[in-house]
Amino acid sequence: MNIEGVWKLEIGGLHGWERLATVFLENGRYLSASADHYTIGKYLVDGKKFIAEASAIQYGNIRTIFGSKQEQLDTTLKGKVKKDGSIVGTVSPTNHKAKETPMRLTRLGDLEV
């Protein structure tokens, strides 16, 4: 399955799914952004298995993520590409022993205009 395109990243929280960023997947590159951060990384798809390693840089309103306030946070996203085209799995800090957080990616569109 071709997963290149524009995606919505959500994480599971105390009050349900929280929209976190708009993600762009293209040729193994993982790029995302929101009003207060941008993320640069890489991804790999092996069958239905999805894995991305990315570095998020926060600016402006620095939020507490995985229990600490950091301007830069390296993360790993692991998931499964579902039949409906979504990607469901977890996100966690790469170098910390924090609990994995549920995440999902929902396809918004193609990169071609």
# chains A, B, ... in the order shown; residues from 1 in each chain; ligands from 1
$ residues_around --residues "segment 73-77 of chain A" --least-positions-apart "4" --cutoff "6 Å" --atoms "only C-alpha atoms" --output "PDB file with all heavy atoms, in the first residue's frame"
ATOM      1  N   ILE A  51       6.915   2.189  10.761  1.00  0.00           N
ATOM      2  CA  ILE A  51       7.773   2.708  11.820  1.00  0.00           C
ATOM      3  C   ILE A  51       8.373   4.022  11.346  1.00  0.00           C
ATOM      4  O   ILE A  51       8.776   4.149  10.192  1.00  0.00           O
ATOM      5  CB  ILE A  51       8.868   1.713  12.252  1.00  0.00           C
ATOM      6  CG1 ILE A  51       9.608   2.236  13.472  1.00  0.00           C
ATOM      7  CG2 ILE A  51       9.811   1.395  11.125  1.00  0.00           C
ATOM      8  CD1 ILE A  51      10.408   1.200  14.224  1.00  0.00           C
ATOM      9  N   ALA A  52       8.379   5.006  12.233  1.00  0.00           N
ATOM     10  CA  ALA A  52       8.970   6.306  11.929  1.00  0.00           C
ATOM     11  C   ALA A  52       9.824   6.732  13.114  1.00  0.00           C
ATOM     12  O   ALA A  52       9.468   6.493  14.272  1.00  0.00           O
ATOM     13  CB  ALA A  52       7.892   7.344  11.663  1.00  0.00           C
ATOM     14  N   GLU A  53      10.947   7.336  12.811  1.00  0.00           N
ATOM     15  CA  GLU A  53      11.802   7.950  13.819  1.00  0.00           C
ATOM     16  C   GLU A  53      11.898   9.417  13.465  1.00  0.00           C
ATOM     17  O   GLU A  53      12.244   9.770  12.332  1.00  0.00           O
ATOM     18  CB  GLU A  53      13.174   7.292  13.835  1.00  0.00           C
ATOM     19  CG  GLU A  53      13.119   5.847  14.274  1.00  0.00           C
ATOM     20  CD  GLU A  53      14.480   5.177  14.260  1.00  0.00           C
ATOM     21  OE1 GLU A  53      15.444   5.756  13.717  1.00  0.00           O
ATOM     22  OE2 GLU A  53      14.564   4.066  14.784  1.00  0.00           O
ATOM     23  N   ALA A  54      11.564  10.280  14.419  1.00  0.00           N
ATOM     24  CA  ALA A  54      11.469  11.694  14.117  1.00  0.00           C
ATOM     25  C   ALA A  54      11.917  12.544  15.298  1.00  0.00           C
ATOM     26  O   ALA A  54      11.836  12.119  16.451  1.00  0.00           O
ATOM     27  CB  ALA A  54      10.038  12.045  13.739  1.00  0.00           C
ATOM     28  N   SER A  55      12.379  13.737  14.990  1.00  0.00           N
ATOM     29  CA  SER A  55      12.805  14.690  15.998  1.00  0.00           C
ATOM     30  C   SER A  55      11.883  15.896  15.948  1.00  0.00           C
ATOM     31  O   SER A  55      11.800  16.580  14.925  1.00  0.00           O
ATOM     32  CB  SER A  55      14.252  15.108  15.742  1.00  0.00           C
ATOM     33  OG  SER A  55      14.703  15.974  16.757  1.00  0.00           O
ATOM     34  N   ALA A  56      11.168  16.152  17.039  1.00  0.00           N
ATOM     35  CA  ALA A  56      10.228  17.269  17.131  1.00  0.00           C
ATOM     36  C   ALA A  56      10.911  18.456  17.811  1.00  0.00           C
ATOM     37  O   ALA A  56      11.552  18.297  18.848  1.00  0.00           O
ATOM     38  CB  ALA A  56       8.996  16.854  17.927  1.00  0.00           C
ATOM     39  N   THR A  90       1.449   3.230  18.339  1.00  0.00           N
ATOM     40  CA  THR A  90       1.908   3.968  19.511  1.00  0.00           C
ATOM     41  C   THR A  90       3.020   4.930  19.128  1.00  0.00           C
ATOM     42  O   THR A  90       3.704   4.764  18.127  1.00  0.00           O
ATOM     43  CB  THR A  90       2.444   3.021  20.602  1.00  0.00           C
ATOM     44  OG1 THR A  90       3.548   2.278  20.081  1.00  0.00           O
ATOM     45  CG2 THR A  90       1.371   2.085  21.115  1.00  0.00           C
ATOM     46  N   VAL A  91       3.200   5.931  19.981  1.00  0.00           N
ATOM     47  CA  VAL A  91       4.321   6.861  19.866  1.00  0.00           C
ATOM     48  C   VAL A  91       4.982   6.926  21.237  1.00  0.00           C
ATOM     49  O   VAL A  91       4.304   6.876  22.266  1.00  0.00           O
ATOM     50  CB  VAL A  91       3.874   8.263  19.380  1.00  0.00           C
ATOM     51  CG1 VAL A  91       2.860   8.892  20.317  1.00  0.00           C
ATOM     52  CG2 VAL A  91       5.079   9.178  19.194  1.00  0.00           C
ATOM     53  N   SER A  92       6.310   6.987  21.249  1.00  0.00           N
ATOM     54  CA  SER A  92       7.039   7.067  22.517  1.00  0.00           C
ATOM     55  C   SER A  92       8.344   7.815  22.296  1.00  0.00           C
ATOM     56  O   SER A  92       8.856   7.875  21.176  1.00  0.00           O
ATOM     57  CB  SER A  92       7.316   5.670  23.074  1.00  0.00           C
ATOM     58  OG  SER A  92       8.109   4.928  22.173  1.00  0.00           O
ATOM     59  N   PRO A  93       8.909   8.379  23.377  1.00  0.00           N
ATOM     60  CA  PRO A  93      10.216   9.014  23.242  1.00  0.00           C
ATOM     61  C   PRO A  93      11.265   7.955  22.955  1.00  0.00           C
ATOM     62  O   PRO A  93      11.207   6.851  23.491  1.00  0.00           O
ATOM     63  CB  PRO A  93      10.453   9.687  24.587  1.00  0.00           C
ATOM     64  CG  PRO A  93       9.444   9.140  25.512  1.00  0.00           C
ATOM     65  CD  PRO A  93       8.381   8.476  24.720  1.00  0.00           C
ATOM     66  N   THR A  94      12.208   8.274  22.094  1.00  0.00           N
ATOM     67  CA  THR A  94      13.211   7.302  21.675  1.00  0.00           C
ATOM     68  C   THR A  94      14.194   6.969  22.794  1.00  0.00           C
ATOM     69  O   THR A  94      14.549   5.816  22.982  1.00  0.00           O
ATOM     70  CB  THR A  94      13.979   7.832  20.450  1.00  0.00           C
ATOM     71  OG1 THR A  94      13.030   8.087  19.422  1.00  0.00           O
ATOM     72  CG2 THR A  94      14.989   6.830  19.940  1.00  0.00           C
TER      73      THR A  94
END
$ closest_atom_pairs --of "segment 26-74 of chain A" --to "segment 18-21 of chain A" --cutoff "12 Å" --atoms "only C-alpha atoms" --output "CSV"
residue,atom,partner,partner_atom,distance
A:Tyr30,CA,A:Ala21,CA,11.8
A:Leu31,CA,A:Ala21,CA,9.8
A:Ser32,CA,A:Ala21,CA,6.2
A:Ala33,CA,A:Ala21,CA,5.4
A:Ser34,CA,A:Ala21,CA,5.0
A:Ala35,CA,A:Ala21,CA,8.6
A:Asp36,CA,A:Ala21,CA,9.7
A:His37,CA,A:Ala21,CA,8.5
A:Tyr38,CA,A:Ala21,CA,8.5
A:Thr39,CA,A:Ala21,CA,9.2
A:Ala56,CA,A:Ala21,CA,10.8
A:Arg63,CA,A:Leu20,CA,11.6
A:Ile65,CA,A:Leu20,CA,11.4
$ write_last_selection --atoms "N, CA and C atoms" --output "PDB file, in the first residue's frame"
ATOM      1  N   TYR A  30       9.521  11.852   6.800  1.00  0.00           N
ATOM      2  CA  TYR A  30       8.406  12.147   7.693  1.00  0.00           C
ATOM      3  C   TYR A  30       8.549  13.606   8.103  1.00  0.00           C
ATOM      4  N   LEU A  31       7.614  14.437   7.695  1.00  0.00           N
ATOM      5  CA  LEU A  31       7.623  15.857   8.042  1.00  0.00           C
ATOM      6  C   LEU A  31       6.275  16.202   8.640  1.00  0.00           C
ATOM      7  N   SER A  32       6.269  16.972   9.719  1.00  0.00           N
ATOM      8  CA  SER A  32       5.000  17.408  10.289  1.00  0.00           C
ATOM      9  C   SER A  32       5.170  18.772  10.936  1.00  0.00           C
ATOM     10  N   ALA A  33       4.021  19.394  11.226  1.00  0.00           N
ATOM     11  CA  ALA A  33       4.046  20.699  11.875  1.00  0.00           C
ATOM     12  C   ALA A  33       2.691  20.996  12.503  1.00  0.00           C
ATOM     13  N   SER A  34       2.732  21.905  13.466  1.00  0.00           N
ATOM     14  CA  SER A  34       1.533  22.482  14.059  1.00  0.00           C
ATOM     15  C   SER A  34       1.859  23.953  14.327  1.00  0.00           C
ATOM     16  N   ALA A  35       1.032  24.615  15.087  1.00  0.00           N
ATOM     17  CA  ALA A  35       1.269  26.027  15.377  1.00  0.00           C
ATOM     18  C   ALA A  35       2.504  26.246  16.252  1.00  0.00           C
ATOM     19  N   ASP A  36       2.914  25.227  17.025  1.00  0.00           N
ATOM     20  CA  ASP A  36       4.014  25.401  17.971  1.00  0.00           C
ATOM     21  C   ASP A  36       5.149  24.397  17.810  1.00  0.00           C
ATOM     22  N   HIS A  37       5.163  23.633  16.711  1.00  0.00           N
ATOM     23  CA  HIS A  37       6.267  22.685  16.543  1.00  0.00           C
ATOM     24  C   HIS A  37       6.421  22.289  15.074  1.00  0.00           C
ATOM     25  N   TYR A  38       7.576  21.731  14.778  1.00  0.00           N
ATOM     26  CA  TYR A  38       7.784  21.037  13.507  1.00  0.00           C
ATOM     27  C   TYR A  38       8.576  19.780  13.799  1.00  0.00           C
ATOM     28  N   THR A  39       8.429  18.777  12.944  1.00  0.00           N
ATOM     29  CA  THR A  39       9.080  17.495  13.135  1.00  0.00           C
ATOM     30  C   THR A  39       9.703  17.042  11.821  1.00  0.00           C
ATOM     31  N   ALA A  56      11.168  16.152  17.039  1.00  0.00           N
ATOM     32  CA  ALA A  56      10.228  17.269  17.131  1.00  0.00           C
ATOM     33  C   ALA A  56      10.911  18.456  17.811  1.00  0.00           C
ATOM     34  N   ARG A  63       5.161  22.728  25.340  1.00  0.00           N
ATOM     35  CA  ARG A  63       4.240  21.863  26.082  1.00  0.00           C
ATOM     36  C   ARG A  63       4.994  20.752  26.797  1.00  0.00           C
ATOM     37  N   ILE A  65       5.532  17.105  27.274  1.00  0.00           N
ATOM     38  CA  ILE A  65       5.293  15.903  26.483  1.00  0.00           C
ATOM     39  C   ILE A  65       6.037  14.750  27.137  1.00  0.00           C
TER      40      ILE A  65
END
$ residues_around --residues "Asn2 of chain A" --least-positions-apart "4" --cutoff "10 Å" --atoms "only C-alpha atoms" --output "PyMOL selection string"
chain A and resi 26+45+85
$ closest_residue --among "A:Asn61, A:Ser86, A:Gly67, A:Lys48" --to "Thr101 of chain A" --atoms "only C-alpha atoms"
A:Gly67
$ atom_distance --atom1 "atom CA of Val81 of chain A" --atom2 "atom CA of Leu44 of chain A"
11.5 Å
$ closest_residue --among "A:Trp7, A:Tyr43, A:Phe50, A:Trp17" --to "Gly89 of chain A" --atoms "only C-alpha atoms"
A:Phe50
$ residues_around --residues "Lys8 of chain A" --least-positions-apart "2" --cutoff "9 Å" --atoms "only C-alpha atoms" --output "ChimeraX atom specification"
/A:6,10,19-24,104-108
